[in-house]
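S.K.: Hey, dropping model-v7.txt in here, compact mmCIF, C-alpha atoms and all ligand atoms:
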```
# COMPACT_ATOMS: atom_id res chain seq x y z
CA MET A 187 93.33 133.14 93.19
CA SER A 188 94.51 135.78 95.66
CA GLU A 189 94.71 138.89 93.52
CA THR A 190 92.96 140.17 90.44
CA ALA A 191 93.90 143.84 90.72
CA PRO A 192 94.86 145.46 87.39
CA LEU A 193 98.48 145.25 86.34
CA MET A 194 100.52 148.41 86.07
CA PRO A 195 101.09 149.16 82.37
CA ARG A 196 104.39 147.79 81.10
CA ARG A 197 106.99 150.53 80.62
CA ARG A 198 108.20 149.47 77.20
CA GLU A 199 111.05 152.01 77.23
CA VAL A 200 112.89 150.07 79.94
CA HIS A 201 112.93 146.93 77.78
CA PRO A 202 114.97 146.07 74.67
CA VAL A 203 113.87 147.45 71.33
CA PRO A 204 112.17 144.70 69.28
CA TYR A 205 114.02 145.61 66.07
CA ASP A 206 117.81 145.94 66.20
CA PRO A 207 119.87 145.34 63.03
CA ASP A 208 122.95 144.47 65.14
CA TYR A 209 121.00 141.44 66.40
CA LYS A 210 120.29 140.06 62.98
CA THR A 211 117.57 137.55 63.83
CA SER A 212 115.41 140.35 65.26
CA VAL A 213 115.17 141.99 61.83
CA VAL A 214 112.50 139.57 60.52
CA ARG A 215 111.03 138.59 63.89
CA SER A 216 110.01 142.04 65.19
CA PRO A 217 106.44 143.30 64.67
CA LYS A 218 106.20 146.49 62.62
CA GLN A 219 102.71 147.47 63.76
CA ALA A 220 102.05 149.14 67.10
CA LEU A 221 100.98 146.92 69.99
CA LEU A 222 97.34 147.19 71.08
CA SER A 223 97.50 148.70 74.59
CA LEU A 224 94.55 148.07 76.93
CA GLU A 225 94.01 147.75 80.66
CA SER A 226 94.60 144.19 81.85
CA THR A 227 91.64 141.82 82.16
CA LEU A 228 91.14 138.62 84.12
CA ILE A 229 93.23 136.47 81.77
CA GLU A 230 96.30 138.71 82.25
CA GLU A 231 95.67 139.15 85.98
CA THR A 232 95.44 135.43 86.77
CA GLY A 233 98.07 132.83 86.06
CA PRO A 234 99.21 129.29 86.74
CA VAL A 235 100.16 128.43 90.32
CA PHE A 236 102.88 125.88 91.02
CA GLY A 237 103.26 124.29 94.43
CA HIS A 238 106.50 123.51 96.24
CA ASP A 239 105.55 119.83 95.82
CA LEU A 240 106.50 120.21 92.15
CA LEU A 241 110.16 120.39 93.12
CA GLY A 242 112.62 117.56 93.53
CA PRO A 243 115.45 117.96 96.07
CA LEU A 244 118.09 118.63 93.39
CA ASP A 245 115.99 120.81 91.07
CA ASN A 246 117.88 123.98 92.09
CA ASN A 247 121.32 122.34 92.12
CA LEU A 248 122.67 122.28 88.56
CA ILE A 249 125.97 120.84 89.75
CA TYR A 250 124.23 117.59 90.63
CA ASN A 251 120.73 117.45 89.13
CA PHE A 252 121.69 115.92 85.78
CA THR A 253 123.27 112.90 87.45
CA GLN A 254 120.73 112.92 90.30
CA GLY A 255 123.55 113.34 92.77
CA ALA A 256 125.95 110.74 91.37
CA ALA A 257 128.71 113.04 90.07
CA PRO A 258 129.36 116.80 90.00
CA ALA A 259 129.58 118.99 86.90
CA VAL A 260 132.92 120.53 85.91
CA GLY A 261 133.35 124.24 86.58
CA GLU A 262 133.71 127.02 89.08
CA ARG A 263 131.15 126.41 91.82
CA ILE A 264 128.78 129.35 92.29
CA ARG A 265 125.66 130.16 94.24
CA VAL A 266 123.11 132.51 92.64
CA HIS A 267 120.54 134.02 94.97
CA GLY A 268 118.17 136.95 95.19
CA ARG A 269 114.60 138.11 95.59
CA VAL A 270 111.67 138.48 93.26
CA LEU A 271 109.77 141.72 93.91
CA ASP A 272 107.13 143.64 92.02
CA GLU A 273 107.15 147.32 91.05
CA THR A 274 105.45 148.26 94.32
CA GLY A 275 108.39 146.76 96.22
CA ARG A 276 106.40 143.82 97.57
CA ALA A 277 107.92 140.34 97.56
CA VAL A 278 106.52 137.88 95.02
CA PRO A 279 106.20 134.67 97.06
CA ASN A 280 105.71 131.11 95.79
CA THR A 281 106.52 131.89 92.19
CA LEU A 282 108.36 129.56 89.82
CA VAL A 283 111.88 130.57 88.73
CA GLU A 284 113.53 128.48 86.00
CA VAL A 285 117.11 128.81 84.75
CA TRP A 286 119.13 127.37 81.88
CA GLN A 287 122.73 127.86 80.84
CA ALA A 288 125.75 126.58 78.94
CA ASN A 289 128.34 124.39 80.65
CA ALA A 290 131.74 125.65 81.81
CA GLY A 291 133.06 125.43 78.24
CA GLY A 292 130.21 127.45 76.74
CA ARG A 293 128.33 124.48 75.26
CA TYR A 294 124.61 123.83 75.64
CA ARG A 295 123.12 120.39 75.97
CA HIS A 296 120.63 120.93 73.12
CA VAL A 297 120.05 119.04 69.89
CA LYS A 298 120.63 122.30 67.95
CA ASP A 299 123.93 123.39 69.60
CA THR A 300 126.84 122.29 67.41
CA TYR A 301 129.66 124.38 68.96
CA PHE A 302 132.76 122.16 69.23
CA ALA A 303 133.39 122.84 72.92
CA PRO A 304 132.71 119.49 74.61
CA LEU A 305 129.61 118.46 76.51
CA ASP A 306 130.09 117.71 80.20
CA PRO A 307 128.62 114.25 80.85
CA ASN A 308 127.59 115.45 84.32
CA PHE A 309 125.88 118.69 83.34
CA GLY A 310 122.36 119.12 81.95
CA GLY A 311 122.00 122.89 82.21
CA CYS A 312 118.50 123.43 83.62
CA GLY A 313 117.20 124.11 87.10
CA ARG A 314 114.15 125.44 88.84
CA THR A 315 112.94 126.62 92.22
CA ILE A 316 110.01 128.44 93.80
CA THR A 317 110.42 131.63 95.81
CA ASP A 318 109.74 131.41 99.55
CA GLU A 319 107.16 133.53 101.36
CA ASN A 320 109.55 136.49 101.28
CA GLY A 321 110.34 136.18 97.57
CA TYR A 322 113.80 134.60 98.05
CA TYR A 323 115.27 131.98 95.75
CA GLU A 324 118.70 130.39 95.27
CA PHE A 325 120.54 128.02 92.93
CA MET A 326 123.84 126.18 93.03
CA THR A 327 125.52 125.87 89.66
CA ILE A 328 128.80 126.27 87.82
CA ARG A 329 129.87 129.45 86.09
CA PRO A 330 128.81 129.15 82.45
CA GLY A 331 131.40 129.73 79.73
CA ALA A 332 131.21 132.49 77.14
CA TYR A 333 130.47 131.19 73.64
CA PRO A 334 130.58 132.36 70.01
CA TRP A 335 127.36 132.62 68.03
CA PRO A 336 126.42 133.20 64.41
CA ASN A 337 125.57 136.89 64.06
CA ARG A 338 128.32 139.23 62.93
CA ALA A 339 131.61 137.55 62.06
CA ASN A 340 133.02 137.45 65.60
CA ASP A 341 130.26 137.82 68.19
CA TRP A 342 130.52 136.20 71.61
CA ARG A 343 127.91 135.93 74.32
CA PRO A 344 129.16 137.05 77.73
CA MET A 345 128.79 134.49 80.52
CA HIS A 346 125.08 134.40 81.33
CA ILE A 347 122.27 132.45 82.92
CA HIS A 348 118.80 132.55 81.33
CA PHE A 349 115.94 133.21 83.78
CA SER A 350 112.21 132.57 83.37
CA ILE A 351 109.86 134.03 86.03
CA PHE A 352 106.08 133.70 86.33
CA GLY A 353 104.63 136.07 88.96
CA SER A 354 100.98 135.76 89.98
CA GLY A 355 99.44 136.91 86.68
CA PHE A 356 100.13 135.74 83.14
CA GLY A 357 100.74 139.38 82.16
CA GLN A 358 103.77 139.47 84.48
CA ARG A 359 105.52 136.69 82.58
CA LEU A 360 109.19 137.53 81.98
CA ILE A 361 112.26 135.91 80.46
CA SER A 362 115.64 137.60 80.89
CA GLN A 363 119.35 136.88 81.36
CA MET A 364 121.76 137.38 84.23
CA TYR A 365 125.32 138.54 83.51
CA PHE A 366 128.39 138.52 85.76
CA GLN A 367 130.13 141.57 87.21
CA GLY A 368 133.32 142.47 85.39
CA ASP A 369 132.79 140.42 82.23
CA PRO A 370 134.34 142.48 79.38
CA LEU A 371 132.09 140.77 76.79
CA ILE A 372 128.94 142.40 78.22
CA ASP A 373 129.58 145.75 76.52
CA LEU A 374 130.30 144.07 73.17
CA CYS A 375 127.20 141.89 73.02
CA PRO A 376 124.50 142.82 70.48
CA ILE A 377 121.84 141.02 72.53
CA VAL A 378 122.73 142.96 75.69
CA ASN A 379 122.75 146.13 73.61
CA THR A 380 119.17 145.68 72.42
CA ILE A 381 118.55 147.43 75.76
CA LYS A 382 119.21 151.09 75.01
CA ASP A 383 119.21 152.38 78.60
CA ARG A 384 122.63 151.75 80.17
CA GLY A 385 121.10 151.82 83.64
CA GLN A 386 118.76 149.00 82.68
CA ILE A 387 121.66 146.89 81.37
CA ASP A 388 123.37 147.30 84.73
CA ARG A 389 120.30 145.79 86.39
CA LEU A 390 121.06 142.50 84.63
CA VAL A 391 124.65 142.37 85.93
CA ALA A 392 124.89 140.37 89.16
CA PRO A 393 127.50 141.63 91.64
CA LEU A 394 130.00 139.31 93.27
CA ASP A 395 128.66 138.76 96.79
CA MET A 396 131.55 137.70 99.01
CA GLN A 397 129.53 137.93 102.23
CA ASN A 398 127.22 135.21 100.93
CA SER A 399 130.07 133.09 99.58
CA ARG A 400 131.54 130.15 101.50
CA GLY A 401 135.30 129.66 101.84
CA MET A 402 136.71 126.53 100.18
CA ASP A 403 133.29 125.86 98.60
CA TYR A 404 131.51 128.42 96.36
CA ILE A 405 131.35 132.10 95.53
CA ALA A 406 128.02 133.90 95.39
CA TYR A 407 126.33 136.30 93.00
CA LYS A 408 123.20 138.24 93.90
CA PHE A 409 120.46 138.73 91.32
CA ASP A 410 117.20 140.48 92.23
CA ILE A 411 114.29 140.52 89.80
CA VAL A 412 111.40 143.00 89.55
CA LEU A 413 108.11 142.04 87.89
CA ARG A 414 105.20 144.27 86.91
CA GLY A 415 103.17 145.50 89.87
CA ARG A 416 99.46 145.76 90.51
CA ARG A 417 97.51 148.94 91.12
CA GLN A 418 95.88 148.95 94.55
CA THR A 419 92.96 151.29 95.09
CA MET A 420 89.49 151.20 96.57
CA PHE A 421 88.19 152.94 93.44
CA GLU A 422 88.84 149.95 91.15
CA ASN A 423 85.33 148.53 91.51
CA LYS A 424 83.67 151.52 89.89
CA PRO A 425 83.24 152.15 86.17
CA GLU A 426 85.76 154.42 84.47
CA GLY A 427 85.39 158.08 85.40
CA MET A 428 83.08 157.57 88.37
CA MET B 241 112.07 168.52 95.35
CA THR B 242 109.23 166.13 95.99
CA GLN B 243 108.72 162.97 97.95
CA PRO B 244 110.14 159.89 96.21
CA LEU B 245 107.59 157.69 94.43
CA ASP B 246 108.99 154.38 95.71
CA ILE B 247 108.05 152.58 92.50
CA LEU B 248 110.62 150.08 91.27
CA THR B 249 111.40 149.51 87.61
CA GLU B 250 110.65 146.19 85.97
CA THR B 251 113.69 144.02 85.15
CA PRO B 252 114.35 144.33 81.42
CA SER B 253 113.56 141.36 79.18
CA GLN B 254 116.17 139.56 77.10
CA THR B 255 115.54 137.13 74.29
CA ALA B 256 114.76 133.55 75.32
CA GLY B 257 117.33 132.51 72.71
CA PRO B 258 117.50 129.30 70.67
CA TYR B 259 117.93 127.04 73.70
CA VAL B 260 114.85 128.11 75.69
CA HIS B 261 113.69 124.50 75.55
CA ILE B 262 116.48 123.40 77.92
CA GLY B 263 115.01 125.50 80.71
CA CYS B 264 111.31 125.20 79.96
CA ILE B 265 110.73 121.87 78.19
CA PRO B 266 114.06 120.04 78.63
CA THR B 267 112.88 116.77 77.09
CA PHE B 268 112.31 118.62 73.80
CA ALA B 269 115.96 119.76 73.89
CA GLY B 270 117.20 116.25 74.58
CA VAL B 271 117.85 116.84 78.29
CA GLU B 272 116.29 113.84 80.05
CA GLY B 273 116.09 112.80 83.67
CA VAL B 274 116.37 116.10 85.52
CA TYR B 275 112.59 116.37 86.11
CA PRO B 276 110.02 113.55 86.04
CA GLU B 277 108.29 115.29 83.12
CA ASP B 278 108.26 118.64 81.35
CA LEU B 279 106.08 121.36 82.87
CA GLY B 280 102.78 122.26 81.17
CA LEU B 281 102.48 119.19 78.96
CA SER B 282 98.69 119.61 78.84
CA PRO B 283 96.22 122.27 80.05
CA ILE B 284 93.58 119.59 80.72
CA SER B 285 93.40 116.12 82.18
CA ASP B 286 90.99 113.31 81.35
CA GLY B 287 87.42 114.18 82.17
CA ALA B 288 87.68 117.93 81.68
CA ARG B 289 84.25 119.39 80.95
CA GLY B 290 83.47 120.94 77.59
CA GLU B 291 84.51 120.42 73.99
CA VAL B 292 88.01 119.08 73.50
CA ILE B 293 89.64 120.94 70.62
CA THR B 294 92.94 120.89 68.76
CA ILE B 295 94.53 124.09 67.48
CA ARG B 296 97.35 123.84 64.97
CA GLY B 297 99.45 126.58 63.47
CA SER B 298 102.86 128.02 62.73
CA VAL B 299 104.75 131.17 63.64
CA TYR B 300 105.97 132.94 60.49
CA ASP B 301 108.73 135.53 60.28
CA GLY B 302 108.67 138.56 57.97
CA THR B 303 109.88 136.47 55.02
CA GLY B 304 107.13 133.88 55.44
CA TRP B 305 109.42 131.26 56.96
CA ALA B 306 107.94 129.19 59.81
CA LEU B 307 110.08 129.42 62.95
CA ARG B 308 111.49 126.07 64.06
CA ASP B 309 112.63 127.34 67.45
CA ALA B 310 109.59 129.19 68.86
CA MET B 311 108.20 128.24 72.25
CA MET B 312 104.70 129.18 73.30
CA GLU B 313 102.66 129.23 76.47
CA SER B 314 98.89 129.35 76.69
CA TRP B 315 96.65 130.30 79.60
CA GLN B 316 92.87 129.99 79.68
CA PRO B 317 89.79 129.37 81.81
CA ASP B 318 87.64 126.23 81.76
CA ALA B 319 84.55 125.65 79.59
CA ALA B 320 82.48 127.76 82.00
CA GLY B 321 84.92 130.69 81.86
CA LEU B 322 86.38 130.03 85.33
CA PHE B 323 90.11 130.11 86.05
CA PRO B 324 91.80 127.62 88.38
CA GLY B 325 91.26 128.75 91.96
CA GLN B 326 87.92 130.43 91.27
CA ASP B 327 84.87 128.91 92.98
CA GLY B 328 83.43 126.10 90.90
CA ALA B 329 86.34 125.92 88.46
CA ASP B 330 86.82 122.54 86.75
CA PRO B 331 89.57 120.71 88.68
CA LYS B 332 90.53 118.91 85.45
CA VAL B 333 91.59 122.18 83.82
CA SER B 334 95.03 123.53 84.82
CA GLY B 335 94.66 126.14 82.07
CA PHE B 336 98.40 126.31 81.35
CA CYS B 337 100.25 124.68 78.47
CA ARG B 338 103.74 124.89 77.00
CA PHE B 339 104.40 123.78 73.47
CA ALA B 340 107.00 124.32 70.79
CA ALA B 341 107.17 124.64 67.05
CA ASP B 342 108.20 121.32 65.53
CA LYS B 343 111.95 121.18 64.85
CA ASP B 344 111.37 120.04 61.24
CA SER B 345 108.05 121.54 60.12
CA GLY B 346 107.61 124.51 62.46
CA GLU B 347 104.03 123.46 63.22
CA PHE B 348 102.66 123.55 66.77
CA THR B 349 99.69 121.74 68.30
CA LEU B 350 97.61 122.78 71.31
CA ARG B 351 95.02 120.30 72.57
CA THR B 352 92.68 121.76 75.16
CA VAL B 353 89.04 122.47 75.97
CA LYS B 354 87.30 125.40 74.39
CA PRO B 355 87.16 128.15 77.04
CA GLY B 356 83.97 129.87 78.14
CA PRO B 357 83.31 133.62 78.03
CA VAL B 358 84.95 135.69 80.77
CA PRO B 359 83.47 138.78 82.45
CA LEU B 360 85.00 142.23 82.23
CA ARG B 361 85.74 144.17 85.42
CA HIS B 362 82.80 146.53 84.98
CA GLY B 363 80.24 144.20 83.43
CA GLY B 364 79.79 142.58 80.06
CA LEU B 365 81.39 139.46 78.70
CA GLN B 366 84.45 138.88 76.57
CA ALA B 367 84.13 136.32 73.79
CA PRO B 368 85.91 133.00 74.54
CA HIS B 369 89.65 133.37 74.17
CA ILE B 370 93.00 131.82 75.07
CA ALA B 371 96.02 133.97 75.97
CA LEU B 372 99.15 133.10 74.02
CA TRP B 373 102.74 134.13 74.76
CA ILE B 374 105.48 133.57 72.18
CA VAL B 375 109.24 133.58 72.75
CA ALA B 376 112.15 132.69 70.47
CA ARG B 377 115.60 133.73 69.35
CA GLY B 378 115.28 137.21 67.81
CA ILE B 379 112.23 138.11 69.93
CA ASN B 380 113.60 140.51 72.51
CA ILE B 381 110.50 140.65 74.68
CA GLY B 382 107.83 137.93 74.67
CA LEU B 383 104.89 138.60 72.35
CA SER B 384 101.35 138.39 73.73
CA THR B 385 98.27 137.71 71.66
CA ARG B 386 94.91 135.95 71.95
CA ILE B 387 93.17 133.09 70.18
CA TYR B 388 89.45 133.67 69.53
CA PHE B 389 87.19 131.24 67.63
CA GLU B 390 85.49 131.63 64.27
CA ASP B 391 82.39 129.72 65.41
CA GLU B 392 81.72 131.90 68.49
CA ASP B 393 79.89 135.21 68.64
CA ASN B 394 82.78 137.68 68.70
CA SER B 395 80.68 140.72 67.79
CA GLY B 396 80.58 142.26 71.27
CA ASP B 397 84.14 141.57 72.32
CA MET B 398 85.79 144.63 73.83
CA LEU B 399 89.29 143.85 72.58
CA LEU B 400 88.37 142.85 69.04
CA ASN B 401 86.26 146.00 68.72
CA ARG B 402 89.23 148.16 69.72
CA ILE B 403 91.18 147.13 66.62
CA GLU B 404 90.75 150.08 64.27
CA GLN B 405 91.52 148.24 61.03
CA ARG B 406 88.76 145.60 61.12
CA PRO B 407 90.52 143.07 58.87
CA ARG B 408 93.38 142.93 61.38
CA ALA B 409 90.97 141.54 64.01
CA ASP B 410 90.80 138.39 61.88
CA THR B 411 94.43 137.67 62.80
CA LEU B 412 93.18 136.78 66.30
CA ILE B 413 90.45 134.38 65.16
CA ALA B 414 91.16 130.66 64.78
CA ARG B 415 89.64 129.15 61.62
CA LYS B 416 87.59 126.00 61.98
CA THR B 417 89.09 123.26 59.82
CA GLY B 418 87.07 120.27 61.05
CA GLU B 419 85.07 118.94 63.96
CA GLY B 420 86.91 120.21 67.04
CA GLU B 421 89.85 121.35 64.90
CA TYR B 422 91.15 124.86 64.32
CA ARG B 423 93.98 126.62 62.54
CA PHE B 424 95.73 129.63 64.11
CA ASP B 425 98.80 131.02 62.34
CA ILE B 426 100.91 133.80 63.77
CA ARG B 427 102.67 136.30 61.51
CA LEU B 428 105.36 138.23 63.35
CA GLN B 429 105.83 140.91 60.72
CA GLY B 430 104.56 142.22 57.40
CA GLU B 431 101.45 141.30 55.45
CA GLY B 432 98.78 139.87 57.72
CA GLU B 433 100.84 140.73 60.82
CA THR B 434 99.18 139.37 63.96
CA VAL B 435 97.83 141.92 66.42
CA PHE B 436 100.08 141.78 69.48
CA LEU B 437 98.91 143.03 72.85
CA ASP B 438 100.24 145.31 75.58
CA MET B 439 97.89 144.62 78.50
FE FE C 1 122.45 131.59 76.09
```
Could you write out this structure as structure tokens?

M.R.:
Amino acid sequence: MSETAPLMPRRREVHPVPYDPDYKTSVVRSPKQALLSLESTLIEETGPVFGHDLLGPLDNNLIYNFTQGAAPAVGERIRVHGRVLDETGRAVPNTLVEVWQANAGGRYRHVKDTYFAPLDPNFGGCGRTITDENGYYEFMTIRPGAYPWPNRANDWRPMHIHFSIFGSGFGQRLISQMYFQGDPLIDLCPIVNTIKDRGQIDRLVAPLDMQNSRGMDYIAYKFDIVLRGRRQTMFENKPEGM
Amino acid sequence: MTQPLDILTETPSQTAGPYVHIGCIPTFAGVEGVYPEDLGLSPISDGARGEVITIRGSVYDGTGWALRDAMMESWQPDAAGLFPGQDGADPKVSGFCRFAADKDSGEFTLRTVKPGPVPLRHGGLQAPHIALWIVARGINIGLSTRIYFEDEDNSGDMLLNRIEQRPRADTLIARKTGEGEYRFDIRLQGEGETVFLDM
């Protein structure tokens, strides 16, 4: 365990509101009472560590990992890459990043997804990787399709990739979604709009990154992620107020 | 004008959605063969020291309906209160588990060892507890809470004592239902609402 410094308090105002009537499921799943806010303790400051030996060679290649290399998934080939940093600007190395997404037609391979867009026999929809010592990660995948969902009568999710990131402490745990530059469905989406700060929504929209694309092969999108930071001070070992 | 602070802003959360299982526990979603096994199947392996316990419960929404799509993660120390990586920690305790509400009943099961007490930064001990993180469709940012135990001495616990309305502290205490068996229900909203944490 390398670090047990206290976590910076989470700035709740930069996150979505828990209760939003336009996202109907949130109405009965959002706590009404205030959260209990306290300084982090050891259980929030430590967390599971996953080694690079966890990973198989195709884990971060969603085009091929469902068939273990036998046949590629259908769709527009893309590379998604970026860095995981914390609020202090430091890289978060060796941390697990997991992704999941719909196929090119907007269909998930999940027992509960009944949308009539077809499954792709060569696409599973999950991938994972671990950041390098400088916090970098990358995936190869196909661009996911937009899809309709039961909310208001005609709601569609913009193209998106779900991300799950660990960090070095359990209190840094984060799940979010990456959107694609220029998608007109972003502004219409009730889930996107649970975030009330327009600037924060923009931080979930990955720009097209032509300089990291490869001709005749794939186009790239860049997606950086920031986790909670840790307070660093020589005064931490003293009781409050001393 | 002042110097810039150079503090970045955390990436905003978005709901894990109904298909979180594909990314986190793909076998549960019906996605087989991508990984050898799902991550976090058990927080302990055979031979872990301490009392092996089973905690069962459900996650209820504001109408009293048990969620069928919730996914949870737990994190805890070993029976001596040591986390993986700390000197002397039990190598049979990974401390991390992922589990989901059952698709039909909504009930979840966590089988683990009972954790030991953990020190506070400036002295004193916290009563034994497990950290729990809950995500699902309709939960826009993951909910954090803790599982304490009815048959432990919780009287001096810093966190439980910070809950002003004393009956609400009971929402964090697993009820003993048998030898090595506990019940821990989570209520997202309304009567008996679980205390959720911002730590
Ligand atoms: Fe989705």

S.K.: Between A:Ser362, A:Thr327, A:Thr300, A:Asn246, which is the closest to ligand FE 1 (chain C) once you count all atoms listed in the file?

M.R.: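 Residue with the minimum atom-to-atom distance to ligand FE 1 (chain C): A:Ser362.
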
S.K.: Using all atoms listed in the file, which residue out of A:Phe366, A:Tyr209, A:Tyr323, A:Tyr333 lies closest to ligand FE 1 (chain C)?

M.R.: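 Closest to ligand FE 1 (chain C), using all atoms listed in the file: A:Tyr333.
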
S.K.: Have a look at B:Gln405, B:Thr294, B:Asn394, B:Thr349 and name the one nearest to chain A; count all atoms listed in the file.

M.R.: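 Among the listed residues, the smallest separation from chain A belongs to B:Gln405.
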
S.K.: For chain A, list the residues within 6 Å of chain B, counting all atoms listed in the file, and write the list as JSON, numbers by chain.

M.R.: {"A": [187, 201, 204, 211, 212, 214, 215, 217, 218, 221, 222, 223, 224, 225, 226, 251, 252, 273, 274, 285, 286, 296, 297, 312, 361, 362, 363, 411, 412, 413, 414, 425]}

S.K.: For the atom pair CA of Arg265 in chain A and CA of Arg384 in chain A, what is the interatomic distance in Å to one decimal place?

M.R.: 25.9 Å

S.K.: Counting only C-alpha atoms and all ligand atoms, which protein, DNA or RNA residues come within 7 Å of ligand FE 1 (chain C), given as a compact mmCIF listing (two decimals) with C-alpha atoms, keeping the file's coordinate frame?

M.R.:
```
# COMPACT_ATOMS: atom_id res chain seq x y z
CA GLN A 287 122.73 127.86 80.84
CA ALA A 288 125.75 126.58 78.94
CA HIS A 346 125.08 134.40 81.33
CA ILE A 347 122.27 132.45 82.92
CA HIS A 348 118.80 132.55 81.33
CA GLY B 257 117.33 132.51 72.71
CA TYR B 259 117.93 127.04 73.70
```

S.K.: Using all atoms listed in the file, which of the listed residues (B:Met241, B:Asp330, B:Ala288, B:Phe389) sits closest to Lys416 in chain B?

M.R.: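 Going through B:Met241, B:Asp330, B:Ala288, B:Phe389 one by one, the smallest distance to Lys416 in chain B is for B:Phe389.
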
S.K.: Go ahead and compute the interatomic distance for CA of Pro234 in chain A and CA of Gly353 in chain A, in Å to one decimal.

M.R.: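 Value for the CA of Pro234 in chain A-CA of Gly353 in chain A distance: 9.0 Å.
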
S.K.: Please provide the set of residues having any atom within 8 Å of Phe356 in chain A, restricted to all atoms listed in the file, with same-chain residues fewer than 3 positions apart removed, written as a short mmCIF file (atom, residue, chain, number, x, y, z; two decimals) with C-alpha atoms, in the frame of the given file.

M.R.:
```cif
data_model
loop_
_atom_site.label_atom_id
_atom_site.label_comp_id
_atom_site.auth_asym_id
_atom_site.auth_seq_id
_atom_site.Cartn_x
_atom_site.Cartn_y
_atom_site.Cartn_z
CA ILE A 229 93.23 136.47 81.77
CA GLU A 230 96.30 138.71 82.25
CA GLU A 231 95.67 139.15 85.98
CA THR A 232 95.44 135.43 86.77
CA GLY A 233 98.07 132.83 86.06
CA PRO A 234 99.21 129.29 86.74
CA PHE A 352 106.08 133.70 86.33
CA GLY A 353 104.63 136.07 88.96
CA ARG A 359 105.52 136.69 82.58
CA TRP B 315 96.65 130.30 79.60
#
```

S.K.: Please list as JSON, numbers by chain every residue within 12 Å of Asp306 in chain A, counting only C-alpha atoms and excluding residues in the same chain fewer than 6 positions away.

M.R.: {"A": [249, 250, 252, 253, 257, 258, 259, 260, 261, 288, 289, 290, 291, 292, 293, 294, 295, 328, 330]}

S.K.: Which residues come within 12 Å of Asp286 in chain B, counting all atoms listed in the file, excluding same-chain residues fewer than 4 positions away, as a list in words?

M.R.: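 That gives Ser282, Gly290, Val292, Asp330, Pro331, Lys332, Val333, Ser334, Arg351, Thr352 and Val353 of chain B.
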
S.K.: Between CA of Val378 in chain A and CA of Val203 in chain A, what is the distance, to one decimal in Å?

M.R.: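 Taking CA of Val378 in chain A and CA of Val203 in chain A, their separation equals 10.8 Å.
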
S.K.: Please list as number ranges by chain every residue within 9 Å of Arg269 in chain A, counting all atoms listed in the file and excluding residues in the same chain fewer than 3 positions away.

M.R.: A: 277-278, 317, 320-324, 408-412

S.K.: Considering all atoms listed in the file, state which residue in the set A:Ile377, A:Met420, A:Pro304, A:Ile264 is at the smallest distance from Trp342 in chain A.

M.R.: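 Ranked by minimum distance to Trp342 in chain A, first place goes to A:Ile377.
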